[in-house]
Amino acid sequence: MTMSTMKSQFNLQSGAVINGKWHHKHYRIEKELGAGANGVVYLATYQGQLVALKISENGYTVTSEVNVLKSFTKVQGSTLGPSLLDVDDWQSSSKLYSFYVMEYIHGPDLLSFVKQKGEAWVPVLMLQLLSDLEELHKAGWVFGDLKPENLIVTGRAPRIRCIDVGGTTIKGRAIKEFTEFYDRGYWGLGSRKAEPTYDLFSTAMVFIHCAYPSRFSKDGRGLEQLTDKVKKHKNLKCYEDVLIPALQGRFKSASDMRQALLTCSYKQTRSKGNSVSPQTRQPTRKTKRKRHGTTGAIVVILFIGCIYFFYLYSQMV
Ligand SMILES: Nc1ncnc2c1ncn2[C@@H]1O[C@H](COP(=O)(O)OP(=O)(O)OP(=O)(O)O)[C@@H](O)[C@H]1O
């Protein structure tokens, strides 16, 4: 949903210091990271550490987002959202504002990462996201506003993390915040009730968006249009057994969708391996091409192996 931003209300410059009224901690503002309908997020330093500080006019927003972040910390093993570091008030010269401080998640957003590193990363990152969503859903929450801008890829062993927990909603309620392109209600493919299938639909749309970086507009055909988009794109077609059921709300849980994605990725790896074998059966005249084919297979296997290694490693850290 498009809403006006709070940017104009704060305008804190680099070097400004936010003093916490109750916990007496001092945060030095470095720069603005972004402004949304519910507040402004700044990069700040506290005792030499970079942190993200969100300040809002609306105390209710702060309380509600803090509650979500607190409940995230209780989700075992989940690294979905940033960890919560402090909650306090700040008395400016004119007014009292509420703010909270969270872990600064450093890295490019999903689309920038994929543009830089290649689309082969999309299924790997979606596998991670689905693991985290499974835990979140089990804890009784639905993320709601899943979109590439809210997904940051961080670390040397790339790990996907969500920022902006403003849309996170208790299961069974109406989704608090959404963005049309990733919202099943907008496409006429379901309600805005907070249930796991809502997030799985958005996950499929995020996957599709990675293949169509400039997105596309709705033409009124709903599922038929999205199915066409999946089938017509070479990087999506091989994942149609994951994407189409997710768009239809047919996966009961994130782990079911994850399992289907693993199966597709496995088939994909095998078919890439097989596609070079005809070349290896060429007559001796073509020995050079044969060597190219074998090298290609080794490169593909090594590449996929590396991605899985990074994925497994990132699961352990
Ligand atoms: N923990 C964090 N680490 C790094 N960057 C962050 C963090 N939290 C927010 N950001 C940055 O700040 C921007 C604004 O964050 P915010 O949560 O306000 O999102 P929004 O969608 O723009 O706002 P709103 O939900 O209020 O409408 C984000 O787009 C992101 O770039």
# chains A, B, ... in the order shown; residues from 1 in each chain; ligands from 1
>>> residues_near_ligand(ligand="ligand 1", cutoff="6 Å", atoms="only C-alpha atoms and all ligand atoms", output="list in words")
Leu33, Gly34, Ala35, Gly36, Ala37, Asn38, Gly39, Val40, Val41, Ala52, Pro82, Met102, Glu103, Tyr104, Ile105, His106, Ile163, Asp164 and Gly166 of chain A
>>> select_by_dssp(residues="region 155-194 of chain A", states="strand (DSSP E)", output="number ranges by chain")
A: 159-162, 169-170
>>> write_last_selection(atoms="N, CA and C atoms", output="mmCIF file, in the first residue's frame")
data_model
loop_
_atom_site.group_PDB
_atom_site.id
_atom_site.type_symbol
_atom_site.label_atom_id
_atom_site.label_comp_id
_atom_site.auth_asym_id
_atom_site.auth_seq_id
_atom_site.Cartn_x
_atom_site.Cartn_y
_atom_site.Cartn_z
ATOM 1 N N ARG A 159 23.352 -15.069 3.301
ATOM 2 C CA ARG A 159 22.207 -15.472 4.123
ATOM 3 C C ARG A 159 21.120 -14.432 3.909
ATOM 4 N N ILE A 160 19.898 -14.896 3.691
ATOM 5 C CA ILE A 160 18.806 -13.942 3.471
ATOM 6 C C ILE A 160 18.188 -13.555 4.817
ATOM 7 N N ARG A 161 17.958 -12.250 4.992
ATOM 8 C CA ARG A 161 17.338 -11.763 6.229
ATOM 9 C C ARG A 161 16.205 -10.810 5.858
ATOM 10 N N CYS A 162 15.191 -10.769 6.700
ATOM 11 C CA CYS A 162 14.085 -9.837 6.455
ATOM 12 C C CYS A 162 14.248 -8.608 7.324
ATOM 13 N N THR A 169 1.975 -10.281 11.197
ATOM 14 C CA THR A 169 0.620 -10.341 11.759
ATOM 15 C C THR A 169 0.392 -11.697 12.426
ATOM 16 N N ILE A 170 -0.363 -11.671 13.517
ATOM 17 C CA ILE A 170 -0.713 -12.928 14.191
ATOM 18 C C ILE A 170 -1.649 -13.717 13.272
#
>>> atom_distance(atom1="CA of Ala194 (chain A)", atom2="CA of Ala174 (chain A)")
5.7 Å
>>> closest_residue(among="A:Arg173, A:Lys252, A:Arg156, A:Lys117", to="Gly140 (chain A)", atoms="only C-alpha atoms")
A:Arg173
>>> residues_around(residues="Thr63 (chain A)", least_positions_apart="2", cutoff="12 Å", atoms="only C-alpha atoms", output="number ranges by chain")
A: 38, 54-61, 65-70, 86-89, 98-100, 165-166
>>> write_last_selection(atoms="C-alpha atoms", output="PDB file, in the first residue's frame")
ATOM      1  CA  ASN A  38       5.632   4.336  10.126  1.00  0.00           C
ATOM      2  CA  LYS A  54      13.907   3.426  14.035  1.00  0.00           C
ATOM      3  CA  ILE A  55      12.148   6.487  15.329  1.00  0.00           C
ATOM      4  CA  SER A  56       8.480   7.224  15.016  1.00  0.00           C
ATOM      5  CA  GLU A  57       5.880   9.836  15.891  1.00  0.00           C
ATOM      6  CA  ASN A  58       3.546   6.994  16.627  1.00  0.00           C
ATOM      7  CA  GLY A  59       4.240   5.175  19.899  1.00  0.00           C
ATOM      8  CA  TYR A  60       1.819   2.426  18.920  1.00  0.00           C
ATOM      9  CA  THR A  61       3.908   1.564  15.830  1.00  0.00           C
ATOM     10  CA  GLU A  65       7.059  -3.626  15.915  1.00  0.00           C
ATOM     11  CA  VAL A  66       9.010  -4.169  19.143  1.00  0.00           C
ATOM     12  CA  ASN A  67       6.566  -6.890  20.139  1.00  0.00           C
ATOM     13  CA  VAL A  68       7.121  -8.626  16.810  1.00  0.00           C
ATOM     14  CA  LEU A  69      10.916  -8.397  17.165  1.00  0.00           C
ATOM     15  CA  LYS A  70      10.699  -9.742  20.718  1.00  0.00           C
ATOM     16  CA  ASP A  86      16.964  -1.331  22.914  1.00  0.00           C
ATOM     17  CA  VAL A  87      13.618   0.478  23.195  1.00  0.00           C
ATOM     18  CA  ASP A  88      13.394   3.991  24.583  1.00  0.00           C
ATOM     19  CA  ASP A  89      12.055   7.535  24.190  1.00  0.00           C
ATOM     20  CA  SER A  98       9.602   6.669  20.759  1.00  0.00           C
ATOM     21  CA  PHE A  99      12.397   4.728  19.116  1.00  0.00           C
ATOM     22  CA  TYR A 100      13.897   1.280  19.056  1.00  0.00           C
ATOM     23  CA  VAL A 165       8.571  -6.359  10.453  1.00  0.00           C
ATOM     24  CA  GLY A 166       5.748  -3.799  10.231  1.00  0.00           C
TER      25      GLY A 166
END
>>> closest_residue(among="A:Ala204, A:Cys210, A:Ala157, A:Ala260", to="Val114 (chain A)", atoms="only C-alpha atoms")
A:Cys210
